[in-house]
Amino acid sequence: MNRDQYIQLCHELWMHNKAYYVECHPKISDFEYDQLMQELLDCESTHPDWIESFSPSQRVGESLTDGFKSVSHDVPMLSLPNTYSDEEIQSFIKRVEKNAPNQKITYSLELKMDGTAISIVYEKGVLTRAVTRGNGLMGDDVTQNIRTITKLPLKLSSENPPDFLEVRGEVFLALSVFKKLNEQRDEDGLPVWANPRNAAAGSLKLLNPKEAAKRDLQIVLYAISQDSSNKIQSQYESHDYLKELGLPTLKYTAWGENEKDIWSFRDKIFALRSQLPFEIDGVVIKVDSINLQKELGSTAKIPRWAVAYKFAPEQALTQIKDIKVQVGRTGVLTPVAILEPIRVSGSVISRVTLHNQDEIDRKDIRLGDSVIIEKGGDVIPKVVQVDLKNRPKHSVPWKIPAYCPSCETKIIQLDGEVAYRCPNINCGERNYRHITFFVSKVAMDIDHMGIKVIEQLIQKKLVTSPSDIYRLTKEQILELEGFKSKSAEKLLANIEASKQVSLTRFIIALDIRYVGASTADELSNVEDIFALSKMSSDDLIQMEGIGEKVAQAIVEYFQDAHHMEEIKALLELGVNPKKSSVLKTHHFYGKTFVLTGSLMSYTRDQAQMLIKQRGGKITSSVSKKTDYVLVGESPGSKYDKAKKLGITILNEEEFANLI
Ligand code: IVH
């Protein structure tokens, strides 16, 4: 490597740091990143005179995000040295032994959770602060978002909790949740997350805790960094201590006395990896004795008493036989590569999503290309890169078709969107997916109306829009394969039963862009669907959690005459969306609330739900019309405004009493 290449490598690593930490959308895998970093470190050790102060080896990734308060860590949040080979682990053990002669060294063996690191403070047993790792010295205060994690106690369960406790751990997403989240993002034309870790990190950085709550984040705590009671002297024992305090902890921890124990733990976890419901990217080996940890100390960035053994994601080479384009229920086109089937990480992969045209252009993926496929614990395999050496001679860049593969309508791209869409609401494939969604559990919940039934109904032109479902007769259902008199009656009964639906689920079923379950829940505070259809963008923005983009999408949806006709038809056919019943007699009925500050005993979502169930309304800003302002810790300017306007202020205790 010459000096110019060295400088180039520094810039490249910084670009990847930014993509990873700030944008939460890495462009390369961890493995590739670690390899580049190793290249840089090797080069710097051979040419120490080249080292630039801006080299990524000299600083840790900046990662503070606008919109969050930056908080400094009392104890720096270090990262672990990554190793990929047995030799590196052996030299770690040797180094520890050399620095601690004549001591019996034992190890705490742990999963390396592939999430995002968090520091959480409990004061007198109450959760008071949660901060991301950030650059290790300062992080973002994400307390509000962390409080939405249901399994994390806001109060420790121990009767005698320490006065001050800082614990460290990992926030992550279950693979199943990650998969659903990405499917939804793909449908909505948003960029998909590269892996669950980025999805978790991105979710913690949501400015609206209500949005974060929807992400169903999980957490485990694996270390104590400050404890006023000073109880614990062994890392391995700290897992039990954390559990006693009521905190979620790591699974499969083990205690190791020698190198052999480390390998058998590594092998056991490696074999288990594909069955775990969450992602891990290796194992962590930590010196067990806390005193010895202190003796060994750390450098500015990494401890000398712990190391991560990372599992390189499994990769395989295969060929793209075809690129098919799928039409989603909102019309979004998704290119999917059809592969020469190949086995990776225990499963046979024959297709892989290429997400969108941007992704294809970036990786320059072409028909007939040989590609490297990667599948870690990720449920979603991905194309890592094209093997250019084997590219067919006359290949050309791949372009999304100009016309819809299902209905041949001209494809459009909306302003500011990566996705291309088929704008035809009568498009066959789009319609099929739309109807499948309409009858699904989250929407109208029509039992026994599976994919096969819908396919036939569409093919026989018995159903072309959702309202047609309510026009079906027994005779028509009997035309479908597999139906006899009894089963046809059963399906009709299910269709009938689905007419009694909550307004929330009815709104979900309409499939308005960007409107998921919790937005639909918020929208269902209106009188009825017609009231909603008449609301302006300004009215909608007043509602909690509804921003301009969503408001605009709602207004546009109802401006479409076809949508209004369909809604009218559904109601005329007997669909009867009802508001969920509220306690009309409750003191909160008809009252308007504003919430500010962090609440101790409830998440924001819970408090809002309690108010709504009692017929209260929640708005985002304080005005003369506000009846109550519920105030938590460190309230914002809304509190001052409420005091000025003489509005009744409730603290948590008063609120709880009124409930
Ligand atoms: S201990 C000084 N334990 O790995 C020790 N970290 O590269 C640092 N991680 O930022 C943390 N599982 O996000 C520790 N069992 C585990 C872990 C773990 C995952 C993550 C954590 C940290 C990163 C270090």
# chains A, B, ... in the order shown; residues from 1 in each chain; ligands from 1
>>> residues_near_ligand(ligand="ligand 1", cutoff="7 Å", atoms="only C-alpha atoms and all ligand atoms", output="mmCIF file with N, CA and C atoms, in the first residue's frame")
data_model
loop_
_atom_site.group_PDB
_atom_site.id
_atom_site.type_symbol
_atom_site.label_atom_id
_atom_site.label_comp_id
_atom_site.auth_asym_id
_atom_site.auth_seq_id
_atom_site.Cartn_x
_atom_site.Cartn_y
_atom_site.Cartn_z
ATOM 1 N N MET A 77 -17.999 3.815 27.551
ATOM 2 C CA MET A 77 -18.530 2.548 27.020
ATOM 3 C C MET A 77 -17.540 2.042 25.976
ATOM 4 N N LEU A 78 -16.825 1.003 26.349
ATOM 5 C CA LEU A 78 -15.776 0.485 25.467
ATOM 6 C C LEU A 78 -16.380 -0.451 24.433
ATOM 7 N N SER A 79 -15.574 -0.765 23.413
ATOM 8 C CA SER A 79 -16.034 -1.833 22.525
ATOM 9 C C SER A 79 -15.079 -3.004 22.659
ATOM 10 N N LEU A 80 -15.494 -4.135 22.137
ATOM 11 C CA LEU A 80 -14.687 -5.344 22.310
ATOM 12 C C LEU A 80 -13.743 -5.526 21.131
ATOM 13 N N PRO A 81 -12.519 -6.012 21.394
ATOM 14 C CA PRO A 81 -11.681 -6.354 20.238
ATOM 15 C C PRO A 81 -12.301 -7.558 19.516
ATOM 16 N N GLU A 110 -20.134 -15.740 27.112
ATOM 17 C CA GLU A 110 -21.453 -15.141 26.840
ATOM 18 C C GLU A 110 -21.762 -15.078 25.352
ATOM 19 N N LEU A 111 -23.028 -14.905 25.052
ATOM 20 C CA LEU A 111 -23.427 -14.664 23.661
ATOM 21 C C LEU A 111 -22.996 -13.254 23.286
ATOM 22 N N LYS A 112 -22.589 -13.082 22.046
ATOM 23 C CA LYS A 112 -22.383 -11.720 21.568
ATOM 24 C C LYS A 112 -23.663 -11.325 20.841
ATOM 25 N N MET A 113 -24.485 -10.563 21.554
ATOM 26 C CA MET A 113 -25.773 -10.149 20.995
ATOM 27 C C MET A 113 -25.526 -9.166 19.864
ATOM 28 N N ASP A 114 -26.256 -9.329 18.769
ATOM 29 C CA ASP A 114 -26.022 -8.418 17.652
ATOM 30 C C ASP A 114 -27.091 -7.333 17.647
ATOM 31 N N GLY A 115 -26.962 -6.447 18.617
ATOM 32 C CA GLY A 115 -27.933 -5.356 18.709
ATOM 33 C C GLY A 115 -27.172 -4.058 18.854
ATOM 34 N N THR A 116 -27.698 -3.184 19.699
ATOM 35 C CA THR A 116 -27.022 -1.904 19.893
ATOM 36 C C THR A 116 -26.869 -1.669 21.396
ATOM 37 N N ALA A 117 -25.695 -1.191 21.792
ATOM 38 C CA ALA A 117 -25.373 -1.130 23.218
ATOM 39 C C ALA A 117 -26.131 0.005 23.915
ATOM 40 N N ARG A 133 -24.527 4.137 23.261
ATOM 41 C CA ARG A 133 -23.069 4.153 23.388
ATOM 42 C C ARG A 133 -22.490 5.418 22.764
ATOM 43 N N GLY A 169 -26.101 -3.144 28.514
ATOM 44 C CA GLY A 169 -26.682 -4.279 27.814
ATOM 45 C C GLY A 169 -26.912 -3.971 26.355
ATOM 46 N N GLU A 170 -27.786 -4.745 25.783
ATOM 47 C CA GLU A 170 -27.976 -4.674 24.341
ATOM 48 C C GLU A 170 -29.462 -4.579 24.022
ATOM 49 N N TYR A 222 -26.067 -7.221 30.416
ATOM 50 C CA TYR A 222 -24.980 -8.183 30.610
ATOM 51 C C TYR A 222 -23.826 -7.667 31.460
ATOM 52 N N ALA A 223 -23.922 -6.452 31.956
ATOM 53 C CA ALA A 223 -22.793 -5.975 32.761
ATOM 54 C C ALA A 223 -23.238 -4.895 33.731
ATOM 55 N N VAL A 284 -18.616 -13.917 23.518
ATOM 56 C CA VAL A 284 -17.719 -12.991 24.217
ATOM 57 C C VAL A 284 -17.040 -13.747 25.344
ATOM 58 N N ILE A 302 -10.662 -0.209 24.102
ATOM 59 C CA ILE A 302 -11.018 -1.610 24.362
ATOM 60 C C ILE A 302 -10.428 -2.144 25.660
ATOM 61 N N PRO A 303 -11.149 -3.080 26.295
ATOM 62 C CA PRO A 303 -10.623 -3.663 27.524
ATOM 63 C C PRO A 303 -9.529 -4.686 27.208
ATOM 64 N N ALA A 306 -11.289 -8.675 27.948
ATOM 65 C CA ALA A 306 -12.392 -9.318 27.218
ATOM 66 C C ALA A 306 -12.100 -9.307 25.732
#
>>> residues_around(residues="A:Ser229", least_positions_apart="6", cutoff="8 Å", atoms="only C-alpha atoms", output="NGL selection string")
:A and (162-164)
>>> residues_around(residues="A:Leu510", least_positions_apart="4", cutoff="10 Å", atoms="only C-alpha atoms", output="JSON, numbers by chain")
{"A": [434, 437, 438, 443, 444, 466, 505, 506, 515, 520, 557, 563, 566, 567]}
>>> residues_around(residues="stretch 541-543 of chain A", least_positions_apart="2", cutoff="9 Å", atoms="only C-alpha atoms", output="list in words")
Glu522, Leu523, Ser536, Ser537, Asp538, Asp539, Gly545, Ile546, Gly547, Glu548, Val550, Ala551, Ile618, Thr619, Ser620 and Ser621 of chain A
>>> select_by_dssp(residues="stretch 527-597 of chain A", states="helix (DSSP H, G or I)", output="number ranges by chain")
A: 529-533, 537-541, 548-559, 561-572
>>> closest_residue(among="A:Arg266, A:Lys484, A:His47, A:Lys214", to="A:Thr519", atoms="only C-alpha atoms")
A:Lys214
>>> closest_residue(among="A:Glu244, A:Glu565, A:Glu159, A:Glu489", to="A:Ser465", atoms="only C-alpha atoms")
A:Glu565
>>> atom_distance(atom1="atom CA of A:Lys578", atom2="atom CA of A:Ala497")
13.5 Å
>>> residues_around(residues="A:Asn145", least_positions_apart="5", cutoff="10 Å", atoms="only C-alpha atoms", output="list in words")
Ala130, Ser203, Leu204, Lys205, Leu206, Leu207, Asn208, Pro209, Lys210, Glu211, Ala212, Ala213, Leu217, Thr603 and Arg604 of chain A
>>> residues_around(residues="A:His25", least_positions_apart="5", cutoff="12 Å", atoms="only C-alpha atoms", output="list in words")
Met15, His16, Asn17, Lys18, Ala19, Tyr20, Asp30, Pro191, Val192, Trp193, Ala194, Asn195, Pro196, Arg197, Asn198, Ala199, Ala200, Ala201 and Gly202 of chain A
>>> write_last_selection(atoms="N, CA, C and O atoms", output="PDB file, in the first residue's frame")
ATOM      1  N   MET A  15     -16.250   6.902   5.737  1.00  0.00           N
ATOM      2  CA  MET A  15     -17.532   6.853   5.029  1.00  0.00           C
ATOM      3  C   MET A  15     -18.368   5.690   5.588  1.00  0.00           C
ATOM      4  O   MET A  15     -19.552   5.843   5.870  1.00  0.00           O
ATOM      5  N   HIS A  16     -17.714   4.554   5.824  1.00  0.00           N
ATOM      6  CA  HIS A  16     -18.446   3.400   6.372  1.00  0.00           C
ATOM      7  C   HIS A  16     -18.876   3.652   7.818  1.00  0.00           C
ATOM      8  O   HIS A  16     -19.949   3.226   8.233  1.00  0.00           O
ATOM      9  N   ASN A  17     -18.033   4.346   8.592  1.00  0.00           N
ATOM     10  CA  ASN A  17     -18.411   4.695   9.972  1.00  0.00           C
ATOM     11  C   ASN A  17     -19.692   5.504   9.977  1.00  0.00           C
ATOM     12  O   ASN A  17     -20.600   5.272  10.769  1.00  0.00           O
ATOM     13  N   LYS A  18     -19.733   6.478   9.066  1.00  0.00           N
ATOM     14  CA  LYS A  18     -20.891   7.365   9.013  1.00  0.00           C
ATOM     15  C   LYS A  18     -22.128   6.567   8.597  1.00  0.00           C
ATOM     16  O   LYS A  18     -23.189   6.687   9.211  1.00  0.00           O
ATOM     17  N   ALA A  19     -21.955   5.722   7.574  1.00  0.00           N
ATOM     18  CA  ALA A  19     -23.089   4.928   7.091  1.00  0.00           C
ATOM     19  C   ALA A  19     -23.614   4.038   8.212  1.00  0.00           C
ATOM     20  O   ALA A  19     -24.810   3.842   8.363  1.00  0.00           O
ATOM     21  N   TYR A  20     -22.709   3.529   9.037  1.00  0.00           N
ATOM     22  CA  TYR A  20     -23.096   2.597  10.090  1.00  0.00           C
ATOM     23  C   TYR A  20     -23.704   3.310  11.288  1.00  0.00           C
ATOM     24  O   TYR A  20     -24.807   3.016  11.718  1.00  0.00           O
ATOM     25  N   ASP A  30     -20.109  -6.354   8.522  1.00  0.00           N
ATOM     26  CA  ASP A  30     -19.172  -6.162   9.633  1.00  0.00           C
ATOM     27  C   ASP A  30     -17.836  -6.794   9.322  1.00  0.00           C
ATOM     28  O   ASP A  30     -16.781  -6.263   9.649  1.00  0.00           O
ATOM     29  N   PRO A 191     -36.394   2.523   2.556  1.00  0.00           N
ATOM     30  CA  PRO A 191     -35.253   1.606   2.462  1.00  0.00           C
ATOM     31  C   PRO A 191     -35.333   0.546   3.558  1.00  0.00           C
ATOM     32  O   PRO A 191     -35.675   0.873   4.705  1.00  0.00           O
ATOM     33  N   VAL A 192     -35.029  -0.696   3.223  1.00  0.00           N
ATOM     34  CA  VAL A 192     -35.098  -1.759   4.243  1.00  0.00           C
ATOM     35  C   VAL A 192     -33.831  -1.708   5.092  1.00  0.00           C
ATOM     36  O   VAL A 192     -32.801  -1.210   4.653  1.00  0.00           O
ATOM     37  N   TRP A 193     -33.927  -2.216   6.324  1.00  0.00           N
ATOM     38  CA  TRP A 193     -32.751  -2.276   7.194  1.00  0.00           C
ATOM     39  C   TRP A 193     -31.872  -3.419   6.726  1.00  0.00           C
ATOM     40  O   TRP A 193     -32.374  -4.492   6.366  1.00  0.00           O
ATOM     41  N   ALA A 194     -30.554  -3.200   6.799  1.00  0.00           N
ATOM     42  CA  ALA A 194     -29.630  -4.241   6.357  1.00  0.00           C
ATOM     43  C   ALA A 194     -29.661  -5.442   7.292  1.00  0.00           C
ATOM     44  O   ALA A 194     -29.462  -6.571   6.875  1.00  0.00           O
ATOM     45  N   ASN A 195     -29.903  -5.237   8.564  1.00  0.00           N
ATOM     46  CA  ASN A 195     -29.921  -6.339   9.534  1.00  0.00           C
ATOM     47  C   ASN A 195     -30.650  -5.873  10.796  1.00  0.00           C
ATOM     48  O   ASN A 195     -30.919  -4.682  10.962  1.00  0.00           O
ATOM     49  N   PRO A 196     -30.967  -6.827  11.704  1.00  0.00           N
ATOM     50  CA  PRO A 196     -31.731  -6.436  12.896  1.00  0.00           C
ATOM     51  C   PRO A 196     -31.014  -5.408  13.752  1.00  0.00           C
ATOM     52  O   PRO A 196     -31.646  -4.596  14.409  1.00  0.00           O
ATOM     53  N   ARG A 197     -29.692  -5.451  13.735  1.00  0.00           N
ATOM     54  CA  ARG A 197     -28.943  -4.498  14.569  1.00  0.00           C
ATOM     55  C   ARG A 197     -29.206  -3.063  14.126  1.00  0.00           C
ATOM     56  O   ARG A 197     -29.473  -2.179  14.945  1.00  0.00           O
ATOM     57  N   ASN A 198     -29.154  -2.828  12.827  1.00  0.00           N
ATOM     58  CA  ASN A 198     -29.406  -1.472  12.342  1.00  0.00           C
ATOM     59  C   ASN A 198     -30.851  -1.067  12.577  1.00  0.00           C
ATOM     60  O   ASN A 198     -31.133   0.096  12.848  1.00  0.00           O
ATOM     61  N   ALA A 199     -31.735  -2.044  12.484  1.00  0.00           N
ATOM     62  CA  ALA A 199     -33.143  -1.735  12.733  1.00  0.00           C
ATOM     63  C   ALA A 199     -33.325  -1.336  14.192  1.00  0.00           C
ATOM     64  O   ALA A 199     -34.048  -0.382  14.509  1.00  0.00           O
ATOM     65  N   ALA A 200     -32.626  -2.036  15.099  1.00  0.00           N
ATOM     66  CA  ALA A 200     -32.745  -1.711  16.529  1.00  0.00           C
ATOM     67  C   ALA A 200     -32.145  -0.328  16.792  1.00  0.00           C
ATOM     68  O   ALA A 200     -32.758   0.503  17.467  1.00  0.00           O
ATOM     69  N   ALA A 201     -30.949  -0.077  16.221  1.00  0.00           N
ATOM     70  CA  ALA A 201     -30.294   1.212  16.450  1.00  0.00           C
ATOM     71  C   ALA A 201     -31.155   2.334  15.876  1.00  0.00           C
ATOM     72  O   ALA A 201     -31.367   3.363  16.524  1.00  0.00           O
ATOM     73  N   GLY A 202     -31.699   2.121  14.679  1.00  0.00           N
ATOM     74  CA  GLY A 202     -32.549   3.121  14.044  1.00  0.00           C
ATOM     75  C   GLY A 202     -33.804   3.367  14.875  1.00  0.00           C
ATOM     76  O   GLY A 202     -34.258   4.508  15.019  1.00  0.00           O
TER      77      GLY A 202
END
>>> residues_around(residues="A:Ile285", least_positions_apart="4", cutoff="9 Å", atoms="only C-alpha atoms", output="ChimeraX atom specification")
/A:89,107-111,256,262,305-309
>>> write_last_selection(atoms="N, CA, C and O atoms", output="PDB file, in the first residue's frame")
ATOM      1  N   ILE A  89      -7.611 -15.983  19.820  1.00  0.00           N
ATOM      2  CA  ILE A  89      -8.127 -16.240  21.173  1.00  0.00           C
ATOM      3  C   ILE A  89      -7.001 -16.784  22.046  1.00  0.00           C
ATOM      4  O   ILE A  89      -6.834 -16.377  23.204  1.00  0.00           O
ATOM      5  N   TYR A 107     -13.222 -17.609  33.281  1.00  0.00           N
ATOM      6  CA  TYR A 107     -13.859 -16.730  32.304  1.00  0.00           C
ATOM      7  C   TYR A 107     -15.387 -16.805  32.375  1.00  0.00           C
ATOM      8  O   TYR A 107     -15.948 -17.860  32.668  1.00  0.00           O
ATOM      9  N   SER A 108     -16.007 -15.678  32.085  1.00  0.00           N
ATOM     10  CA  SER A 108     -17.457 -15.690  31.866  1.00  0.00           C
ATOM     11  C   SER A 108     -17.637 -15.760  30.354  1.00  0.00           C
ATOM     12  O   SER A 108     -17.084 -14.949  29.613  1.00  0.00           O
ATOM     13  N   LEU A 109     -18.401 -16.769  29.909  1.00  0.00           N
ATOM     14  CA  LEU A 109     -18.581 -16.980  28.472  1.00  0.00           C
ATOM     15  C   LEU A 109     -20.007 -16.580  28.108  1.00  0.00           C
ATOM     16  O   LEU A 109     -20.965 -17.026  28.748  1.00  0.00           O
ATOM     17  N   GLU A 110     -20.134 -15.740  27.112  1.00  0.00           N
ATOM     18  CA  GLU A 110     -21.453 -15.141  26.840  1.00  0.00           C
ATOM     19  C   GLU A 110     -21.762 -15.078  25.352  1.00  0.00           C
ATOM     20  O   GLU A 110     -20.848 -15.135  24.525  1.00  0.00           O
ATOM     21  N   LEU A 111     -23.028 -14.905  25.052  1.00  0.00           N
ATOM     22  CA  LEU A 111     -23.427 -14.664  23.661  1.00  0.00           C
ATOM     23  C   LEU A 111     -22.996 -13.254  23.286  1.00  0.00           C
ATOM     24  O   LEU A 111     -23.049 -12.349  24.113  1.00  0.00           O
ATOM     25  N   GLY A 256     -15.965 -20.654  32.361  1.00  0.00           N
ATOM     26  CA  GLY A 256     -14.885 -21.433  31.764  1.00  0.00           C
ATOM     27  C   GLY A 256     -13.638 -21.376  32.604  1.00  0.00           C
ATOM     28  O   GLY A 256     -13.297 -20.336  33.174  1.00  0.00           O
ATOM     29  N   ILE A 262     -13.624 -22.856  26.595  1.00  0.00           N
ATOM     30  CA  ILE A 262     -13.968 -21.776  25.657  1.00  0.00           C
ATOM     31  C   ILE A 262     -14.397 -22.380  24.318  1.00  0.00           C
ATOM     32  O   ILE A 262     -15.429 -22.017  23.761  1.00  0.00           O
ATOM     33  N   TRP A 305      -9.329  -7.255  29.149  1.00  0.00           N
ATOM     34  CA  TRP A 305      -9.826  -8.429  29.862  1.00  0.00           C
ATOM     35  C   TRP A 305     -10.986  -9.134  29.134  1.00  0.00           C
ATOM     36  O   TRP A 305     -11.603 -10.044  29.679  1.00  0.00           O
ATOM     37  N   ALA A 306     -11.289  -8.675  27.948  1.00  0.00           N
ATOM     38  CA  ALA A 306     -12.392  -9.318  27.218  1.00  0.00           C
ATOM     39  C   ALA A 306     -12.100  -9.307  25.732  1.00  0.00           C
ATOM     40  O   ALA A 306     -11.349  -8.459  25.234  1.00  0.00           O
ATOM     41  N   VAL A 307     -12.709 -10.249  25.041  1.00  0.00           N
ATOM     42  CA  VAL A 307     -12.515 -10.339  23.604  1.00  0.00           C
ATOM     43  C   VAL A 307     -13.775 -10.963  22.978  1.00  0.00           C
ATOM     44  O   VAL A 307     -14.476 -11.721  23.641  1.00  0.00           O
ATOM     45  N   ALA A 308     -14.058 -10.560  21.740  1.00  0.00           N
ATOM     46  CA  ALA A 308     -15.198 -11.182  21.046  1.00  0.00           C
ATOM     47  C   ALA A 308     -14.663 -12.137  19.992  1.00  0.00           C
ATOM     48  O   ALA A 308     -13.722 -11.806  19.276  1.00  0.00           O
ATOM     49  N   TYR A 309     -15.237 -13.323  19.945  1.00  0.00           N
ATOM     50  CA  TYR A 309     -14.911 -14.263  18.869  1.00  0.00           C
ATOM     51  C   TYR A 309     -16.093 -14.205  17.922  1.00  0.00           C
ATOM     52  O   TYR A 309     -17.190 -14.642  18.265  1.00  0.00           O
TER      53      TYR A 309
END
>>> closest_residue(among="A:Ile647, A:Phe588, A:Val283, A:Arg433", to="A:Ser264", atoms="only C-alpha atoms")
A:Val283
>>> closest_residue(among="A:Leu339, A:Ile458, A:Asn82, A:Ile146", to="A:Lys310", atoms="only C-alpha atoms")
A:Asn82
>>> closest_residue(among="A:Thr596, A:Asn135, A:Thr249, A:Ser29", to="A:Lys375", atoms="only C-alpha atoms")
A:Ser29
>>> atom_distance(atom1="atom CA of A:Leu388", atom2="atom CA of A:Pro56")
29.5 Å
>>> closest_residue(among="A:Glu39, A:Lys294, A:Ser406, A:Ser57", to="A:Trp14", atoms="only C-alpha atoms")
A:Ser57
